[in-house]
Each structure stands twice: as C-alpha cells, then as structure tokens.
Amino acid sequence: MDVFGIIVAALFADNFVLSQFLGICPFLGVSKKISSAAGMGLAVTAVMVITCAITYPIYTFLLAPMGLEYLSILVFILLIASLVQILEMVLKRFSPGLYSAMGIYLPLVTTNCAILGIAKIVTATVTSAEEAGYSFGEVFFGHYVKVNMALGYGEAVLSGLFYGLGFTLAIVLLAGLRQKADKLHVAKALKGFPITMLVACFMAMAFYVFTLI
Amino acid sequence: MTNLILAVGREFQWTTVLVALAIAFGFSLVLGILILLINKFTQVKEDPRIKEVEKCLAGANCGACGYPGCAGFAKALVEGKANLDSCGQTPTDKRIEISNILGIEVSGNAEPTIAVVGCSGGVKCQDKYEYQGYGDCVSQNLLAGGRKACEVGCMGAGSCVDACPYHAIECREGYAHVDPELCRSCGLCIQTCPKSLIKRVPVSAKVYVACSTQCRGKDVMSKCQAGCIACGKCERNCPVGAIHLVNNVPIIDYSKCIHCYKCLEGCPRHCIKYVYPEDVPNSSETAEQAK
C-alpha cells in the first residue's frame, strides 16, 4: 500500500476541487468565512471516510460478484444519504458540541458529487469478477472477495480521509483568500463573486504544478 | 410484444430488472428501518418553552446579547444562563410574557438605550495624511491609526454604516450620525468601530458629549475645531451636578440630568449635542451659534 503516494495525490496532485472539478458547490458557497469553511471541510471529510468504509465492502461483496456494477450509483446514494442521516442523529444525541460545529453542513453534503466521486474512485480499483476470470462459485465470500478486501480496504478508507482533507485544505485556503479579497479595492465589475472565481482559478493553476511532479 | 423487443435490437432481460429492483427495494427497506430504530433511540427532547420564548423575542438575530441569534438566546434563557435584560430590543410587554413563561423576574429598570457617536470632528478635524486606499474605517485604521490627526477622531469612512442592520447610521460632514428613531441599540456598530467612539445612552437622554479625546485643551485646539478642550464650563453650568470631567472628558450622569440644556448652551466648542434632532431649537439659530 503506497501510503505516501495516496496522501500526496489526495491533498495536492489529485485534489478534488482544484484538479478534478468535483464539489464546486460547497467550495464556492460556504467559503465566505474561515470558520464555516473549516466546518464544511470537516463534514465532507467525515462523510467521505464513512462513504469509503461502507461502499467499498458493499461493492466487493455484493455488486461486483453479481455483475451489478451499473447499480452502484443508485445503491451508493441510498447508503450515503441514510448513513449521514444516522450520523447526524447520533451526533445530535451524544455530542452537541460537534453537532453545532458541523451538524448543519452534514445534510448539505450527502448527495454532493464529491462524495459520489470518492465512492466511484475507490470502487474503480476493484476488478470485476468476470475480467479476473473467477468462476461464479468462487466470488461469494471466496478468494475473490478476500483478495480485494485485503488489498484495497485500508487504501480505500485512507483515500477517503485524505481526499476529504484535501477538500478541507482547498476550501479553507479559498476562504482566507476571499476574506482578503473582500478588503481589496477591485474594479466594480469584479467585486464579490467574480473575483472569487478568479481566485479559485489561480489556485487551480497553482495546484496544477503538483501534477507535474 | 416479442417482435417489438426484437425490433429494438436487444433482448429484454427480465431477471436483470427484477434483481435490480429487488436490490434497490431491499436496500431502501433495511436502511429505512435502521433510521427509524436509531431515531427512536437517539431522540433529543427539546424544551417546548424554547420555541415559545423565541416567538416573544424581537427576532432581529443581531447577536448583541452574545448568543448566536435569537434562538440561541432563547435556549440560554430557558437554561437560566442568560439575563433577559441583555436584549435591548424586546418590548416590555413581551418581556413580561417571557418572564411568565419561565417564572423568572424581570427587573424592569433596564431602560432601553440608543447609540450615539462620541465625535463631531469630521471635516473640522485636521488630517494627518491623505489616505488613498480601500475606504473602510477598519482598513484605514491599520495604517498608522487612520488619517485623522486626533487619536479618537471619526474617520467617516462608514464601517459602522455597513454594520448597522437597521440603516440608522449615515456619514455627514465627515463623521457618523445615528438616527435615534431607527436605532435599536443592537451594539454591532460599537463592536465594529475601530476607535470605539460609539457608546450607548438611555433613550430618555437629551444631550450627549460628542467628543472622546483625553488630550489637554491646547493639544486639541491645534488639531480639531470641534473637540472638547476640557474647560469645565459644562461642569460649572450644570445646576444638579450631573456632569464631571474625568480624564479631560465630560461624563454625564443621566440619572441626575434634568434636561435643562445649560451644558449644551454654555459649551464654547459645541461638542455637547442634542440626541434627538427635533429638540434642536431651530436651524437658523444653531447656524448662528456655529458661527
């Protein structure tokens, strides 16, 4: 398992917002203040970890062996939405402090494209049973699942965590730059949202350098 | 039917559809039941009084009480953490209603307040340098404490105007004016002003001191034509002893003030002002006075 590779790719080179263009809505919508941006980033990270931890086994145990890859989006959406709902209820009951910090952002990110994106990315590493040449008897709880779970599960959860942290990094950076840009004297046509788009554009160009390494 | 399917050029696999349906339905059912169960176990019982109290509050969500919005204040009230007097906007009858709901006493002697600006320099106060940059007091203050020669001079760049949710503040003649009819004393301008010039006075107050400088008279003379020179005339003129000079600034004790306007009439620098513009005798007379 190439831990270092995953971390660098998730944080910089393959950054969700700035190089894959996923999760733009929360990136531009909740980046007015650093505090709310950090809350949003944490919520996205938490949901991404849960997503990876749940969707990867479901995919390897159930969908891939049965050849139902085309159902993955439907099943993932169902799973993620209900698990986030459960997480929200549990947080509200047992940890009101954490709930007030990121609780309001949790429902916002349930069906975000970044979350679906991470699910598709980690499950894409699973080779389908047909391609690997396993017989139907072997795939259910057999050798096929063992190989995939042993190789990929830790990697999947780790990717979830660090892709989430990469999102947090990008959104907190943008929030800081936006707070500065609000104080600047810019041309009237660029004031507010346009200058934010430009700032995000320059950030993406800066992050592009990491893909060349 | 078979002909139709063949015409599309594809065999219709009923088993695939059924499996997909079964999986989708199964997942939804299991997750739905799971959510229902967890919801049962983790239900948070919210005090119904919080909603009732919140309805009675002013609902401006200004945050002047120190809690996040009126909902947060209502929660703190029900928990007994907050004091009802720290909300200056809720009318008295609503306060009594809240005190009935919660069974707490409302002191009633907390008089509503309004904000006044403790500076009337503006264009009469000299500039230290010419400021060229973003026109916000907060950012201007970062550069050597703002452009005004006076340490506590209003820069008139309107940070408080932007902060006020009620549009009660405007900048005229180079300094900020509060419209007492619109002000709800939420305190946002007080937090915003980088010079801490804005202060609260009771609504019954008729006059206020529109200067905050603690410098001696001679220093003030050289910088500002509207600044208080700490001559002490107002202190001597006051028939009830409600004004005292503290650190070269007159402080008015509003509990003693009898609204005789002697302090205002005697002030050689016209830096004691009317709180309400309608109290000003008439504009031509004041113009003469100013001359």
# chains A, B, ... in the order shown; residues from 1 in each chain; ligands from 1
>>> interface_residues(of="chain B", to="chain A", cutoff="8 Å", atoms="only C-alpha atoms", output="mmCIF file with C-alpha atoms, in the first residue's frame")
data_model
loop_
_atom_site.group_PDB
_atom_site.id
_atom_site.type_symbol
_atom_site.label_atom_id
_atom_site.label_comp_id
_atom_site.auth_asym_id
_atom_site.auth_seq_id
_atom_site.Cartn_x
_atom_site.Cartn_y
_atom_site.Cartn_z
ATOM 1 C CA ALA B 20 -32.048 -4.507 -9.721
ATOM 2 C CA ALA B 24 -32.884 -1.244 -4.603
ATOM 3 C CA PHE B 27 -31.536 -1.574 0.497
ATOM 4 C CA SER B 28 -34.203 1.078 0.982
ATOM 5 C CA LEU B 31 -31.867 1.462 5.693
ATOM 6 C CA GLY B 32 -35.323 2.875 6.371
ATOM 7 C CA ILE B 35 -33.029 5.020 10.515
ATOM 8 C CA ILE B 38 -31.880 4.859 15.555
ATOM 9 C CA ASN B 39 -34.237 7.807 15.536
ATOM 10 C CA THR B 42 -31.449 8.989 19.859
ATOM 11 C CA GLN B 43 -34.399 11.316 20.063
ATOM 12 C CA VAL B 44 -33.443 14.612 21.670
ATOM 13 C CA GLY B 133 -6.878 53.004 -0.394
ATOM 14 C CA TYR B 134 -9.892 50.951 0.342
ATOM 15 C CA SER B 139 -8.674 49.005 6.997
#
>>> residues_around(residues="B:Glu130", least_positions_apart="5", cutoff="12 Å", atoms="only C-alpha atoms", output="list of chain:residue names")
B:Gly135, B:Gln140, B:Leu143, B:Ala144, B:Gly146, B:Arg147, B:Lys148, B:Ala149, B:Met155
>>> select_by_dssp(residues="stretch 178-265 of chain B", states="strand (DSSP E or B)", output="list in words")
Val178, Ile198, Lys199, Arg200, Val201, Pro202, Val207, Tyr208, Val209, Cys224, Ile243, His244, Leu245, Val246, Val249, Pro250, Ile251 and Ile252 of chain B
>>> write_last_selection(atoms="N, CA and C atoms", output="CSV table (one decimal), in the first residue's frame")
chain,number,residue,atom,x,y,z
B,178,VAL,N,-26.1,59.0,14.2
B,178,VAL,CA,-27.0,57.9,14.4
B,178,VAL,C,-28.4,58.5,14.4
B,198,ILE,N,-18.4,54.8,19.5
B,198,ILE,CA,-19.9,54.8,19.7
B,198,ILE,C,-20.2,54.2,21.0
B,199,LYS,N,-21.1,54.9,21.7
B,199,LYS,CA,-21.5,54.4,23.1
B,199,LYS,C,-23.0,54.5,23.2
B,200,ARG,N,-23.5,53.8,24.2
B,200,ARG,CA,-24.9,53.8,24.4
B,200,ARG,C,-25.4,54.9,25.5
B,201,VAL,N,-26.5,55.5,25.2
B,201,VAL,CA,-27.1,56.4,26.2
B,201,VAL,C,-28.6,56.0,26.4
B,202,PRO,N,-29.2,56.2,27.6
B,202,PRO,CA,-30.6,55.9,27.7
B,202,PRO,C,-31.5,56.6,26.7
B,207,VAL,N,-29.1,65.0,25.9
B,207,VAL,CA,-27.8,65.6,25.4
B,207,VAL,C,-26.8,64.5,25.5
B,208,TYR,N,-25.7,64.6,24.7
B,208,TYR,CA,-24.6,63.7,24.8
B,208,TYR,C,-23.3,64.4,24.5
B,209,VAL,N,-22.2,63.9,24.9
B,209,VAL,CA,-20.9,64.5,24.7
B,209,VAL,C,-20.3,64.0,23.4
B,224,CYS,N,-8.2,70.1,16.2
B,224,CYS,CA,-9.6,70.0,15.9
B,224,CYS,C,-10.4,71.2,16.3
B,243,ILE,N,-22.6,66.6,35.6
B,243,ILE,CA,-21.5,66.4,34.7
B,243,ILE,C,-20.2,66.5,35.5
B,244,HIS,N,-19.3,65.6,35.2
B,244,HIS,CA,-18.0,65.7,35.8
B,244,HIS,C,-16.9,65.4,34.7
B,245,LEU,N,-15.8,66.2,34.8
B,245,LEU,CA,-14.7,65.9,33.9
B,245,LEU,C,-13.9,64.7,34.5
B,246,VAL,N,-13.8,63.7,33.7
B,246,VAL,CA,-12.9,62.6,34.0
B,246,VAL,C,-11.9,62.4,32.9
B,249,VAL,N,-12.5,64.4,29.8
B,249,VAL,CA,-13.8,64.2,29.0
B,249,VAL,C,-14.9,64.4,30.0
B,250,PRO,N,-15.9,65.2,29.6
B,250,PRO,CA,-17.1,65.3,30.4
B,250,PRO,C,-17.9,64.1,30.4
B,251,ILE,N,-18.3,63.6,31.6
B,251,ILE,CA,-19.2,62.4,31.7
B,251,ILE,C,-20.5,62.8,32.3
B,252,ILE,N,-21.6,62.5,31.6
B,252,ILE,CA,-22.9,62.9,32.0
B,252,ILE,C,-23.6,61.8,32.8
>>> residues_around(residues="A:Leu11", least_positions_apart="2", cutoff="10 Å", atoms="only C-alpha atoms", output="list in words")
Ile6, Ile7, Val8, Ala9, Ala13, Asp14, Asn15, Phe16, Ser159, Phe162, Tyr163, Gly164, Leu165, Gly166, Phe167, Thr168, Leu169, Ala170, Phe207 and Phe210 of chain A
>>> write_last_selection(atoms="C-alpha atoms", output="mmCIF file, in the first residue's frame")
data_model
loop_
_atom_site.group_PDB
_atom_site.id
_atom_site.type_symbol
_atom_site.label_atom_id
_atom_site.label_comp_id
_atom_site.auth_asym_id
_atom_site.auth_seq_id
_atom_site.Cartn_x
_atom_site.Cartn_y
_atom_site.Cartn_z
ATOM 1 C CA ILE A 6 -2.099 8.393 -1.672
ATOM 2 C CA ILE A 7 -1.531 11.307 0.702
ATOM 3 C CA VAL A 8 0.275 13.481 -1.826
ATOM 4 C CA ALA A 9 -2.182 12.651 -4.579
ATOM 5 C CA ALA A 13 -1.972 16.467 -7.258
ATOM 6 C CA ASP A 14 -5.399 14.916 -7.447
ATOM 7 C CA ASN A 15 -7.158 17.485 -5.256
ATOM 8 C CA PHE A 16 -10.885 17.016 -5.565
ATOM 9 C CA SER A 159 -8.151 7.742 0.375
ATOM 10 C CA PHE A 162 -7.094 12.309 2.709
ATOM 11 C CA TYR A 163 -9.297 13.317 -0.218
ATOM 12 C CA GLY A 164 -11.562 14.875 2.413
ATOM 13 C CA LEU A 165 -8.611 16.661 3.980
ATOM 14 C CA GLY A 166 -7.595 17.856 0.522
ATOM 15 C CA PHE A 167 -11.053 19.342 0.108
ATOM 16 C CA THR A 168 -10.717 20.993 3.535
ATOM 17 C CA LEU A 169 -7.347 22.429 2.555
ATOM 18 C CA ALA A 170 -8.733 23.914 -0.656
ATOM 19 C CA PHE A 207 -2.148 23.222 -7.768
ATOM 20 C CA PHE A 210 1.780 19.277 -8.285
#
>>> atom_distance(atom1="atom CA of A:Ala204", atom2="atom CA of A:Phe27")
12.4 Å
>>> residues_around(residues="A:Cys25", least_positions_apart="3", cutoff="10 Å", atoms="only C-alpha atoms", output="list in words")
Val17, Leu22, Leu28, Gly29, Val30, Leu108, Val109, Asn112, Cys113 and Ala114 of chain A
>>> write_last_selection(atoms="C-alpha atoms", output="compact mmCIF listing (two decimals), in the first residue's frame")
# COMPACT_ATOMS: atom_id res chain seq x y z
CA VAL A 17 -11.87 20.61 -6.10
CA LEU A 22 -15.89 17.98 -8.07
CA LEU A 28 -17.87 28.42 -3.62
CA GLY A 29 -20.96 28.53 -1.45
CA VAL A 30 -19.58 28.04 2.05
CA LEU A 108 -25.75 19.59 2.60
CA VAL A 109 -23.02 17.19 1.54
CA ASN A 112 -22.68 16.02 -3.26
CA CYS A 113 -20.80 14.98 -6.36
CA ALA A 114 -17.52 14.91 -4.44
>>> residues_around(residues="A:Met203", least_positions_apart="5", cutoff="9 Å", atoms="only C-alpha atoms", output="NGL selection string")
:A and (18 or 170 or 173-174 or 198 or 208)
>>> write_last_selection(atoms="N, CA and C atoms", output="mmCIF file, in the first residue's frame")
data_model
loop_
_atom_site.group_PDB
_atom_site.id
_atom_site.type_symbol
_atom_site.label_atom_id
_atom_site.label_comp_id
_atom_site.auth_asym_id
_atom_site.auth_seq_id
_atom_site.Cartn_x
_atom_site.Cartn_y
_atom_site.Cartn_z
ATOM 1 N N LEU A 18 -9.723 21.271 -6.948
ATOM 2 C CA LEU A 18 -8.886 22.082 -7.825
ATOM 3 C C LEU A 18 -8.361 21.327 -9.035
ATOM 4 N N ALA A 170 -8.373 22.999 0.429
ATOM 5 C CA ALA A 170 -8.733 23.914 -0.656
ATOM 6 C C ALA A 170 -9.763 24.933 -0.190
ATOM 7 N N LEU A 173 -8.277 27.479 2.317
ATOM 8 C CA LEU A 173 -7.408 28.417 1.598
ATOM 9 C C LEU A 173 -8.244 29.450 0.850
ATOM 10 N N LEU A 174 -9.284 28.982 0.173
ATOM 11 C CA LEU A 174 -10.105 29.924 -0.592
ATOM 12 C C LEU A 174 -10.804 30.909 0.345
ATOM 13 N N LEU A 198 -12.061 34.085 -9.958
ATOM 14 C CA LEU A 198 -10.685 34.288 -10.429
ATOM 15 C C LEU A 198 -9.690 33.709 -9.431
ATOM 16 N N TYR A 208 -1.922 22.863 -10.164
ATOM 17 C CA TYR A 208 -1.601 22.072 -11.343
ATOM 18 C C TYR A 208 -0.128 21.678 -11.343
#
>>> residues_around(residues="B:Gln89", least_positions_apart="2", cutoff="10 Å", atoms="only C-alpha atoms", output="ChimeraX atom specification")
/B:57-60,62,64,85-87,91-92,95,112-113,183-186
>>> residues_around(residues="B:Val220", least_positions_apart="5", cutoff="7 Å", atoms="only C-alpha atoms", output="PyMOL selection string")
chain B and resi 215+227+229
>>> atom_distance(atom1="atom CA of A:Phe4", atom2="atom CA of A:Val209")
18.0 Å
>>> atom_distance(atom1="atom CA of B:Met221", atom2="atom CA of B:Cys271")
13.0 Å
>>> closest_residue(among="A:Thr60, A:Val84, A:Ala175, A:Ala187", to="A:Ala124", atoms="only C-alpha atoms")
A:Thr60
